[in-house]
file start37.cif (mmCIF, C-alpha atoms)
data_coords
#
loop_
_atom_site.label_atom_id
_atom_site.label_comp_id
_atom_site.auth_asym_id
_atom_site.auth_seq_id
_atom_site.Cartn_x
_atom_site.Cartn_y
_atom_site.Cartn_z
CA MET A 11 0.00 0.00 0.00
CA GLY A 12 1.38 3.39 -0.97
CA ILE A 13 2.02 6.12 1.55
CA THR A 14 -0.78 8.29 0.12
CA THR A 15 -3.30 5.46 0.48
CA ARG A 16 -2.15 4.82 4.05
CA VAL A 17 -2.53 8.51 4.99
CA ILE A 18 -5.98 8.72 3.37
CA THR A 19 -7.03 5.50 5.11
CA ARG A 20 -5.90 6.83 8.48
CA ILE A 21 -7.65 10.16 7.99
CA GLY A 22 -10.83 8.39 6.84
CA ASP A 23 -10.68 6.00 9.79
CA ALA A 24 -10.18 8.84 12.29
CA THR A 25 -13.02 10.84 10.71
CA LEU A 26 -15.39 7.87 10.85
CA ARG A 27 -14.53 7.22 14.50
CA TRP A 28 -15.01 10.91 15.31
CA MET A 29 -18.36 10.97 13.53
CA GLY A 30 -19.39 7.73 15.26
CA ARG A 31 -18.68 9.23 18.70
CA TRP A 32 -20.69 12.39 17.99
CA THR A 33 -23.54 10.40 16.45
CA HIS A 34 -23.65 8.26 19.61
CA LEU A 35 -23.64 11.40 21.77
CA THR A 36 -26.42 13.04 19.74
CA GLY A 37 -28.57 9.90 19.74
CA PHE A 38 -28.03 9.37 23.47
CA THR A 39 -28.95 13.00 24.25
CA ALA A 40 -32.08 12.79 22.08
CA ARG A 41 -33.22 9.57 23.83
CA LEU A 42 -32.54 11.12 27.23
CA PHE A 43 -34.60 14.22 26.39
CA ALA A 44 -37.46 12.05 25.12
CA ILE A 45 -37.45 10.26 28.50
CA LEU A 46 -37.09 13.56 30.36
CA VAL A 47 -40.38 14.90 28.99
CA SER A 48 -42.27 11.65 29.49
CA ALA A 49 -44.38 11.60 32.67
CA GLU A 50 -43.97 7.81 32.92
CA SER A 51 -40.29 8.25 33.66
CA TYR A 52 -40.87 9.54 37.16
CA ASN A 53 -41.53 7.24 40.09
CA ASN A 54 -40.32 6.88 43.69
CA ALA A 55 -37.09 5.20 42.60
CA THR A 56 -36.06 7.86 40.08
CA ARG A 57 -37.10 10.66 42.46
CA SER A 58 -34.94 9.31 45.27
CA VAL A 59 -31.94 8.94 42.90
CA VAL A 60 -32.47 12.52 41.66
CA GLN A 61 -32.45 13.73 45.29
CA LYS A 62 -29.24 11.80 45.98
CA GLN A 63 -27.66 13.19 42.83
CA ILE A 64 -28.51 16.78 43.78
CA TYR A 65 -27.12 16.12 47.26
CA PHE A 66 -23.80 14.79 45.88
CA THR A 67 -23.44 17.26 43.01
CA ALA A 68 -24.70 20.49 44.58
CA TRP A 69 -25.32 20.32 48.31
CA GLN A 70 -22.03 18.65 49.33
CA ILE A 71 -19.90 21.23 47.53
CA LEU A 72 -22.09 24.23 48.26
CA PRO A 73 -20.07 25.74 51.19
CA SER A 74 -16.62 25.23 49.66
CA PHE A 75 -17.68 26.33 46.17
CA THR A 76 -19.56 29.42 47.41
CA LEU A 77 -16.56 30.41 49.54
CA PHE A 78 -14.17 29.92 46.63
CA ALA A 79 -16.42 31.84 44.22
CA ALA A 80 -16.86 34.65 46.74
CA LEU A 81 -13.09 34.96 47.30
CA LEU A 82 -12.34 34.93 43.59
CA SER A 83 -15.11 37.45 42.94
CA LEU A 84 -13.80 39.71 45.71
CA VAL A 85 -10.27 39.70 44.27
CA ILE A 86 -11.50 40.41 40.71
CA ILE A 87 -13.91 43.11 41.92
CA GLN A 88 -11.16 44.85 43.91
CA ILE A 89 -8.70 44.74 40.99
CA SER A 90 -11.33 46.02 38.51
CA VAL A 91 -12.68 48.77 40.77
CA THR A 92 -9.19 50.01 41.76
CA THR A 93 -7.94 49.99 38.17
CA ALA A 94 -11.08 51.70 36.83
CA GLN A 95 -10.86 54.40 39.52
CA SER A 96 -7.18 55.05 38.78
CA PHE A 97 -8.16 55.76 35.15
CA GLY A 98 -11.06 57.95 36.25
CA LEU A 99 -13.59 55.36 35.06
CA GLY A 100 -14.99 54.48 38.49
CA SER A 101 -18.60 54.91 37.36
CA TYR A 102 -18.19 52.06 34.84
CA ALA A 103 -16.45 49.70 37.27
CA LEU A 104 -19.53 48.01 38.69
CA GLU A 105 -21.15 47.40 35.31
CA THR A 106 -17.91 45.96 33.89
CA VAL A 107 -17.41 43.72 36.90
CA ILE A 108 -20.98 42.39 36.74
CA ARG A 109 -20.67 41.71 33.03
CA VAL A 110 -17.37 39.88 33.39
CA LEU A 111 -18.16 37.95 36.56
CA VAL A 112 -21.86 37.16 36.51
CA LEU A 113 -22.40 36.82 32.78
CA GLU A 114 -19.15 35.12 31.76
CA LEU A 115 -16.70 33.97 34.39
CA LEU A 116 -18.86 32.45 37.14
CA PRO A 117 -21.08 30.28 34.88
CA LEU A 118 -17.99 28.89 33.12
CA LEU A 119 -16.15 28.39 36.40
CA THR A 120 -19.16 26.59 37.91
CA ALA A 121 -19.46 24.32 34.87
CA LEU A 122 -15.74 23.49 35.03
CA PHE A 123 -15.97 22.85 38.78
CA VAL A 124 -18.97 20.51 38.42
CA ALA A 125 -17.31 18.86 35.40
CA LEU A 126 -14.13 18.13 37.36
CA ARG A 127 -15.87 17.00 40.51
CA SER A 128 -19.04 15.27 39.29
CA GLY A 129 -18.53 14.87 35.51
CA ALA A 130 -15.36 12.82 36.01
CA ALA A 131 -17.09 10.72 38.69
CA ILE A 132 -20.13 10.13 36.44
CA ASN A 133 -17.85 9.17 33.54
CA THR A 134 -15.93 6.64 35.65
CA GLU A 135 -19.06 5.26 37.27
CA VAL A 136 -20.89 4.70 33.97
CA ALA A 137 -17.77 3.18 32.35
CA LEU A 138 -17.39 0.74 35.27
CA MET A 139 -21.11 -0.07 35.31
CA ASN A 140 -20.87 -0.79 31.60
CA ILE A 141 -17.73 -2.91 31.97
CA ASN A 142 -19.11 -4.84 34.98
CA ASN A 143 -22.42 -5.55 33.19
CA GLU A 144 -24.37 -3.73 35.91
CA LEU A 145 -26.49 -1.97 33.29
CA ARG A 146 -27.42 -5.32 31.73
CA ALA A 147 -28.29 -6.61 35.21
CA LEU A 148 -30.69 -3.72 35.72
CA GLU A 149 -32.30 -4.36 32.33
CA ALA A 150 -32.68 -8.04 33.21
CA LEU A 151 -34.61 -7.01 36.34
CA GLY A 152 -36.98 -4.84 34.30
CA ILE A 153 -35.28 -1.59 35.37
CA ASP A 154 -34.58 0.81 32.52
CA PRO A 155 -31.05 2.24 33.02
CA MET A 156 -31.98 5.31 30.99
CA ARG A 157 -34.70 6.17 33.49
CA PHE A 158 -32.97 4.96 36.62
CA GLU A 159 -29.29 5.73 36.06
CA PHE A 160 -28.98 8.41 33.38
CA LEU A 161 -32.06 10.62 33.75
CA PRO A 162 -31.39 11.36 37.48
CA ARG A 163 -27.79 12.27 36.66
CA LEU A 164 -28.93 14.62 33.91
CA ILE A 165 -31.49 16.34 36.15
CA GLY A 166 -29.20 16.44 39.20
CA GLY A 167 -26.17 17.70 37.31
CA THR A 168 -28.08 20.35 35.37
CA LEU A 169 -29.89 21.63 38.46
CA SER A 170 -26.57 21.72 40.33
CA VAL A 171 -24.92 23.89 37.67
CA LEU A 172 -27.93 26.24 37.67
CA ILE A 173 -28.15 26.47 41.48
CA LEU A 174 -24.41 26.90 42.04
CA THR A 175 -24.18 29.54 39.30
CA ALA A 176 -27.12 31.44 40.79
CA LEU A 177 -25.63 31.37 44.30
CA ALA A 178 -22.13 32.32 43.15
CA SER A 179 -23.60 35.18 41.09
CA LEU A 180 -25.66 36.39 44.04
CA ALA A 181 -22.55 36.40 46.24
CA ALA A 182 -20.62 38.30 43.54
CA LEU A 183 -23.39 40.93 43.22
CA MET A 184 -23.46 41.48 46.97
CA LEU A 185 -19.67 41.77 47.13
CA GLY A 186 -19.72 44.13 44.14
CA TYR A 187 -22.19 46.40 45.89
CA LEU A 188 -20.20 46.36 49.12
CA SER A 189 -16.90 47.05 47.32
CA VAL A 190 -18.24 49.99 45.31
CA TYR A 191 -20.76 51.60 47.70
CA GLY A 192 -19.70 50.25 51.09
CA LEU A 193 -21.95 48.98 53.87
CA GLN A 194 -24.96 51.30 53.40
CA THR A 195 -28.34 51.15 51.67
CA SER A 196 -28.65 54.67 50.23
CA SER A 197 -27.07 53.58 46.89
CA LEU A 198 -29.51 50.75 46.26
CA GLY A 199 -31.37 52.85 43.68
CA GLU A 200 -28.21 53.48 41.70
CA PHE A 201 -27.29 49.79 41.99
CA ARG A 202 -30.73 48.82 40.68
CA LEU A 203 -30.18 51.05 37.63
CA VAL A 204 -26.86 49.33 36.84
CA MET A 205 -28.53 45.93 37.26
CA ALA A 206 -31.38 46.90 34.93
CA LYS A 207 -28.85 48.10 32.36
CA VAL A 208 -26.89 44.83 32.47
CA PHE A 209 -29.66 42.29 32.93
CA THR A 210 -31.95 43.00 30.01
CA LEU A 211 -34.39 40.25 29.06
CA PRO A 212 -32.37 38.91 26.08
CA ILE A 213 -29.20 38.86 28.23
CA LEU A 214 -30.99 37.02 31.04
CA LEU A 215 -32.47 34.47 28.63
CA GLY A 216 -29.07 33.98 27.01
CA LEU A 217 -27.44 33.50 30.43
CA TRP A 218 -29.95 30.84 31.46
CA ALA A 219 -29.68 29.10 28.09
CA LYS A 220 -25.91 29.01 28.46
CA CYS A 221 -26.07 27.66 32.02
CA LEU A 222 -28.60 25.04 30.90
CA ALA A 223 -26.31 23.99 28.04
CA PHE A 224 -23.39 23.79 30.51
CA GLY A 225 -25.47 21.64 32.86
CA VAL A 226 -26.56 19.26 30.10
CA ALA A 227 -22.99 19.01 28.76
CA VAL A 228 -21.36 18.21 32.12
CA THR A 229 -23.65 15.21 32.56
CA VAL A 230 -24.48 13.92 29.09
CA ILE A 231 -20.94 13.89 27.65
CA PRO A 232 -19.39 11.90 30.54
CA MET A 233 -22.30 9.41 30.47
CA SER A 234 -22.00 8.94 26.71
CA ALA A 235 -18.22 8.49 26.97
CA GLY A 236 -18.66 5.93 29.77
CA LEU A 237 -21.15 3.97 27.67
CA SER A 238 -18.75 3.92 24.72
CA ALA A 239 -16.07 2.16 26.78
CA SER A 240 -15.18 -1.30 25.50
CA GLN A 241 -15.93 -4.01 28.03
CA LYS A 242 -12.40 -4.37 29.35
CA LEU A 243 -11.33 -2.84 32.65
CA PHE A 244 -8.26 -1.13 31.22
CA PHE A 245 -10.52 0.88 28.86
CA ALA A 246 -12.14 2.70 31.83
CA PRO A 247 -9.38 5.36 32.23
CA ILE A 248 -9.30 5.87 28.44
CA ALA A 249 -13.08 6.42 28.39
CA VAL A 250 -12.76 8.95 31.25
CA LEU A 251 -9.90 10.78 29.53
CA GLN A 252 -11.76 10.97 26.21
CA GLY A 253 -14.98 12.07 27.91
CA MET A 254 -13.31 14.84 29.90
CA VAL A 255 -11.37 16.21 26.93
CA ARG A 256 -14.55 16.20 24.83
CA LEU A 257 -16.40 17.91 27.67
CA PHE A 258 -13.76 20.63 27.96
CA PHE A 259 -14.01 21.42 24.24
CA VAL A 260 -17.81 21.47 24.33
CA LEU A 261 -17.83 23.81 27.34
CA MET A 262 -15.44 26.15 25.53
CA LEU A 263 -17.56 25.93 22.38
CA ILE A 264 -20.70 26.88 24.34
CA GLU A 265 -18.86 29.82 25.96
CA VAL A 266 -17.45 31.09 22.64
CA THR A 267 -20.87 30.74 20.98
CA ALA A 268 -22.52 32.66 23.81
CA LEU A 269 -19.88 35.41 23.65
CA THR A 270 -20.28 35.68 19.88
CA LEU A 271 -24.06 35.92 20.11
CA THR A 272 -23.92 38.49 22.92
CA TYR A 273 -21.17 40.83 21.79
CA ILE A 274 -20.69 40.47 18.04
CA MET B 28 -25.90 -10.56 36.93
CA PRO B 29 -23.90 -8.37 39.32
CA LEU B 30 -25.20 -6.18 42.13
CA ARG B 31 -25.03 -2.40 41.74
CA ALA B 32 -21.65 -1.65 43.27
CA ASN B 33 -22.62 1.73 44.74
CA LEU B 34 -25.67 0.38 46.58
CA SER B 35 -25.82 -1.72 49.73
CA VAL B 36 -27.36 -5.21 49.72
CA LEU B 37 -30.58 -3.82 51.21
CA GLU B 38 -30.77 -1.05 48.59
CA ASN B 39 -30.02 -3.49 45.76
CA ILE B 40 -32.90 -5.75 46.81
CA ALA B 41 -35.29 -2.88 47.60
CA LEU B 42 -34.57 -1.26 44.24
CA VAL B 43 -36.69 -3.81 42.36
CA PRO B 44 -40.06 -3.14 44.09
CA GLN B 45 -39.17 0.53 44.43
CA TYR B 46 -38.83 0.85 40.67
CA ARG B 47 -41.34 -1.70 39.41
CA GLU B 48 -44.16 -1.12 41.92
CA ASN B 49 -43.40 2.56 42.62
CA LEU B 50 -43.00 1.83 46.36
CA ASP B 51 -41.32 4.41 48.54
CA PHE B 52 -37.89 3.37 49.83
CA ASP B 53 -39.03 2.64 53.40
CA ARG B 54 -41.69 0.14 52.32
CA ALA B 55 -39.44 -1.48 49.72
CA ALA B 56 -36.59 -1.70 52.26
CA GLU B 57 -38.93 -3.29 54.79
CA ARG B 58 -39.72 -6.09 52.33
CA ALA B 59 -36.04 -6.52 51.52
CA TRP B 60 -35.13 -6.54 55.21
CA GLN B 61 -37.75 -9.24 55.90
CA LEU B 62 -36.22 -11.47 53.22
CA LEU B 63 -32.71 -10.93 54.59
CA LEU B 64 -33.87 -11.83 58.10
CA GLU B 65 -35.51 -15.02 56.84
CA THR B 66 -32.22 -16.15 55.35
CA GLY B 67 -30.26 -15.10 58.45
CA GLN B 68 -28.22 -12.54 56.49
CA GLY B 69 -29.38 -9.36 58.24
CA GLU B 70 -25.80 -8.48 59.17
CA CYS B 71 -24.79 -7.88 55.53
CA ALA B 72 -27.76 -5.57 54.78
CA HIS B 73 -25.66 -2.42 54.76
CA ARG B 74 -22.57 -3.84 53.10
CA ARG B 75 -21.70 -3.28 49.46
CA ASP B 76 -20.69 -5.89 46.90
CA PRO B 77 -16.89 -5.84 47.45
CA ASP B 78 -17.35 -6.41 51.21
CA LEU B 79 -19.51 -9.52 50.83
CA THR B 80 -18.49 -13.16 51.09
CA SER B 81 -19.47 -15.33 48.14
CA GLU B 82 -22.35 -16.85 50.17
CA GLN B 83 -23.68 -13.41 51.14
CA ARG B 84 -23.38 -12.21 47.53
CA PHE B 85 -25.29 -15.28 46.33
CA VAL B 86 -28.06 -14.69 48.87
CA ALA B 87 -28.28 -11.01 47.83
CA LEU B 88 -28.55 -11.95 44.16
CA LEU B 89 -31.17 -14.59 44.88
CA LEU B 90 -33.24 -12.25 47.06
CA ARG B 91 -33.03 -9.49 44.46
CA THR B 92 -34.57 -11.93 42.00
CA LEU B 93 -37.04 -13.37 44.49
CA ILE B 94 -38.50 -10.03 45.58
CA ALA B 95 -39.94 -9.62 42.06
CA GLU B 96 -41.87 -12.91 42.62
CA PRO B 97 -40.87 -14.53 39.31
CA PRO B 98 -42.71 -17.68 38.19
CA ILE B 99 -39.43 -19.56 37.71
CA ILE B 100 -35.97 -19.02 39.15
CA VAL B 101 -33.07 -20.53 37.20
CA ILE B 102 -29.73 -20.92 38.96
CA GLU B 103 -27.10 -21.72 36.38
CA ARG B 104 -23.85 -23.38 37.46
CA PRO B 105 -24.01 -22.22 41.09
CA ALA B 106 -20.41 -23.30 41.74
CA LEU B 107 -19.25 -20.27 39.73
CA LEU B 108 -20.82 -17.98 42.32
CA LEU B 109 -20.00 -20.14 45.32
CA PRO B 110 -16.31 -21.01 45.20
CA ASP B 111 -14.87 -22.81 48.21
CA THR B 112 -18.37 -23.69 49.39
CA CYS B 113 -20.14 -27.03 49.50
CA HIS B 114 -22.71 -25.46 47.22
CA PRO B 115 -25.29 -28.29 46.97
CA ARG B 116 -25.78 -28.31 50.76
CA PHE B 117 -25.73 -24.51 50.95
CA LEU B 118 -28.33 -24.26 48.16
CA GLU B 119 -30.50 -26.94 49.73
CA ARG B 120 -30.61 -25.09 53.06
CA LEU B 121 -31.19 -21.72 51.43
CA LEU B 122 -33.94 -22.91 49.11
CA ASP B 123 -35.64 -24.80 51.96
CA THR B 124 -35.69 -21.60 54.00
CA LEU B 125 -37.21 -19.66 51.12
CA ALA B 126 -39.49 -22.48 49.90
CA PRO B 127 -42.79 -20.70 50.76
CA ARG B 128 -41.76 -17.77 48.57
CA ILE B 129 -40.46 -19.73 45.56
CA ASN B 130 -42.87 -20.84 42.84
CA GLU B 131 -40.44 -23.01 40.91
CA CYS B 132 -36.66 -23.26 40.95
CA TRP B 133 -34.36 -24.99 38.48
CA ILE B 134 -30.69 -25.59 39.05
CA LEU B 135 -28.73 -26.09 35.82
CA ASP B 136 -25.36 -27.75 36.22
CA TYR B 137 -23.08 -30.19 34.39
CA THR B 138 -24.35 -33.76 34.28
CA TRP B 139 -21.21 -35.01 35.97
CA ASN B 140 -22.13 -32.86 38.99
CA ALA B 141 -25.47 -34.66 39.41
CA PRO B 142 -24.22 -36.90 42.25
CA LEU B 143 -23.44 -33.78 44.26
CA TYR B 144 -27.15 -32.97 44.40
CA ALA B 145 -28.25 -36.45 45.46
CA PRO B 146 -30.03 -36.57 48.84
CA GLN B 147 -27.54 -37.16 51.62
CA PRO B 148 -27.97 -40.26 53.79
CA SER B 149 -29.27 -39.22 57.16
CA THR B 150 -26.83 -39.57 60.01
CA THR B 151 -28.26 -40.66 63.30
#

call {"tool": "encode", "arguments": {"input": "start37.cif", "output": "structure tokens"}}
result
Amino acid sequence: MGITTRVITRIGDATLRWMGRWTHLTGFTARLFAILVSAESYNNATRSVVQKQIYFTAWQILPSFTLFAALLSLVIIQISVTTAQSFGLGSYALETVIRVLVLELLPLLTALFVALRSGAAINTEVALMNINNELRALEALGIDPMRFEFLPRLIGGTLSVLILTALASLAALMLGYLSVYGLQTSSLGEFRLVMAKVFTLPILLGLWAKCLAFGVAVTVIPMSAGLSASQKLFFAPIAVLQGMVRLFFVLMLIEVTALTLTYI
Amino acid sequence: MPLRANLSVLENIALVPQYRENLDFDRAAERAWQLLLETGQGECAHRRDPDLTSEQRFVALLLRTLIAEPPIIVIERPALLLPDTCHPRFLERLLDTLAPRINECWILDYTWNAPLYAPQPSTT
């Protein structure tokens, strides 16, 4: 076989594998959404797993994540406010900080945090369940893994991203107010005006759509990658690695798309 | 078929009625607990798969099947799940204990293992 044929074969093979992975991901997401909107999917078992998932993904990390987000926000707010004031642009500081932190940085940071903590765990768990035939065992007992294993993770993970983003943003807004106006309430009117200027309806809808997309991505991509693992134990770390890299690129793609739609 | 590794024995057994009959966890766990007590395996209720002995794992798998009240239970080559155990005697005792709850039970094994299942002469 000539070198040209070998190169073309390799490129073709890689393209087909790449397309196969994304087709699997798209099909899996579509099936999951079909189950999500079906009322039959919800019973006592799925509800209790959803509760557990929210507890592990959101509640357990709530204090540490909120503290971390608050500290980071405080540092960024202080840097931005001080720099803006030194250039005589103090009146724009708060608006700039809210735009950077609440609209861009905190949602992405939350998604990355949940991806690292829960996405990696979900990826490993699903890969091991797949390798150990636990999913087939559930099916044999008349338990649909899509409803029992995957749907709760999707709901729990997505809600966690939304809740953590909302709380981190709330903390950042409070710190922003305190940094710019100090501990008093007489500037609340001015603060409300800045908020109304930043949070217009299209911006708010875009922010929630982005957070929702982050939430879906941090759960669906790891689950799909775990399911794609070949049934050999040594493929589990490879499935996790592939899933996490894919997740990182998708998160970045969502962020870049949101930025493009908002500012260009 | 394996147990769910991230659930305890009690949760693995309770999962079946919880999902199929829409029972809340407390009621499903009560049924699972009753079965575990009948087989004398209450102590392993809160253990997970890796912490179980092969006998406890076998009981958990059997009870997980039994709680769904299937018309027939098929146990295929039990020695695979019960290494280092005199499995015919173990199975006999276990199935006798659960007899009122079992509709029909088949044990499939190699023909050359048939003598192992023969009734034991009584010792007096």

call {"tool": "closest_atom_pairs", "arguments": {"input": "start37.cif", "of": "chain A", "to": "chain B", "cutoff": "6 Å", "atoms": "all atoms listed in the file", "output": "JSON lines"}}
result
{"residue": "A:Asn53", "atom": "CA", "partner": "B:Asn49", "partner_atom": "CA", "distance": 5.6}
{"residue": "A:Asn54", "atom": "CA", "partner": "B:Asn49", "partner_atom": "CA", "distance": 5.4}
{"residue": "A:Ala55", "atom": "CA", "partner": "B:Tyr46", "partner_atom": "CA", "distance": 5.1}
{"residue": "A:Glu144", "atom": "CA", "partner": "B:Pro29", "partner_atom": "CA", "distance": 5.8}
{"residue": "A:Ala147", "atom": "CA", "partner": "B:Met28", "partner_atom": "CA", "distance": 4.9}

call {"tool": "write_last_selection", "arguments": {"input": "start37.cif", "atoms": "C-alpha atoms", "output": "PDB file, keeping the file's coordinate frame"}}
result
ATOM      1  CA  ASN A  53     -41.530   7.240  40.090  1.00  0.00           C
ATOM      2  CA  ASN A  54     -40.320   6.880  43.690  1.00  0.00           C
ATOM      3  CA  ALA A  55     -37.090   5.200  42.600  1.00  0.00           C
ATOM      4  CA  GLU A 144     -24.370  -3.730  35.910  1.00  0.00           C
ATOM      5  CA  ALA A 147     -28.290  -6.610  35.210  1.00  0.00           C
TER       6      ALA A 147
END

call {"tool": "resolve_selection", "arguments": {"input": "start37.cif", "expression": "the PyMOL selection byres ((chain A and resi 171) around 7)", "output": "count of residues only"}}
result
13

call {"tool": "resolve_selection", "arguments": {"input": "start37.cif", "expression": "the PyMOL selection byres ((chain B and resi 115) around 10)", "output": "PyMOL selection string"}}
result
chain B and resi 105-106+109+112-114+116-121+134+140-146

call {"tool": "write_last_selection", "arguments": {"input": "start37.cif", "atoms": "C-alpha atoms", "output": "CSV table (one decimal), keeping the file's coordinate frame"}}
result
chain,number,residue,atom,x,y,z
B,105,PRO,CA,-24.0,-22.2,41.1
B,106,ALA,CA,-20.4,-23.3,41.7
B,109,LEU,CA,-20.0,-20.1,45.3
B,112,THR,CA,-18.4,-23.7,49.4
B,113,CYS,CA,-20.1,-27.0,49.5
B,114,HIS,CA,-22.7,-25.5,47.2
B,116,ARG,CA,-25.8,-28.3,50.8
B,117,PHE,CA,-25.7,-24.5,51.0
B,118,LEU,CA,-28.3,-24.3,48.2
B,119,GLU,CA,-30.5,-26.9,49.7
B,120,ARG,CA,-30.6,-25.1,53.1
B,121,LEU,CA,-31.2,-21.7,51.4
B,134,ILE,CA,-30.7,-25.6,39.0
B,140,ASN,CA,-22.1,-32.9,39.0
B,141,ALA,CA,-25.5,-34.7,39.4
B,142,PRO,CA,-24.2,-36.9,42.2
B,143,LEU,CA,-23.4,-33.8,44.3
B,144,TYR,CA,-27.2,-33.0,44.4
B,145,ALA,CA,-28.2,-36.4,45.5
B,146,PRO,CA,-30.0,-36.6,48.8

call {"tool": "resolve_selection", "arguments": {"input": "start37.cif", "expression": "the PyMOL selection byres ((chain A and resi 111) around 12)", "output": "JSON, numbers by chain"}}
result
{"A": [79, 80, 82, 83, 84, 85, 86, 87, 90, 103, 104, 105, 106, 107, 108, 109, 110, 112, 113, 114, 115, 116, 117, 118, 119, 120, 175, 176, 178, 179, 180, 181, 182, 183, 185, 186, 208, 217]}

call {"tool": "axis_aligned_box", "arguments": {"input": "start37.cif", "around": "segment 125-135 of chain A", "padding_each_side": "5 Å", "output": "lines of an AutoDock Vina configuration file"}}
result
center_x = -17.1
center_y = 12.1
center_z = 37.0
size_x = 16.0
size_y = 23.6
size_z = 17.0

call {"tool": "atom_distance", "arguments": {"input": "start37.cif", "atom1": "atom CA of Ile100 of chain B", "atom2": "atom CA of Leu138 of chain A"}}
result
27.4 Å

call {"tool": "atom_distance", "arguments": {"input": "start37.cif", "atom1": "atom CA of Pro110 of chain B", "atom2": "atom CA of Glu82 of chain B"}}
result
8.9 Å
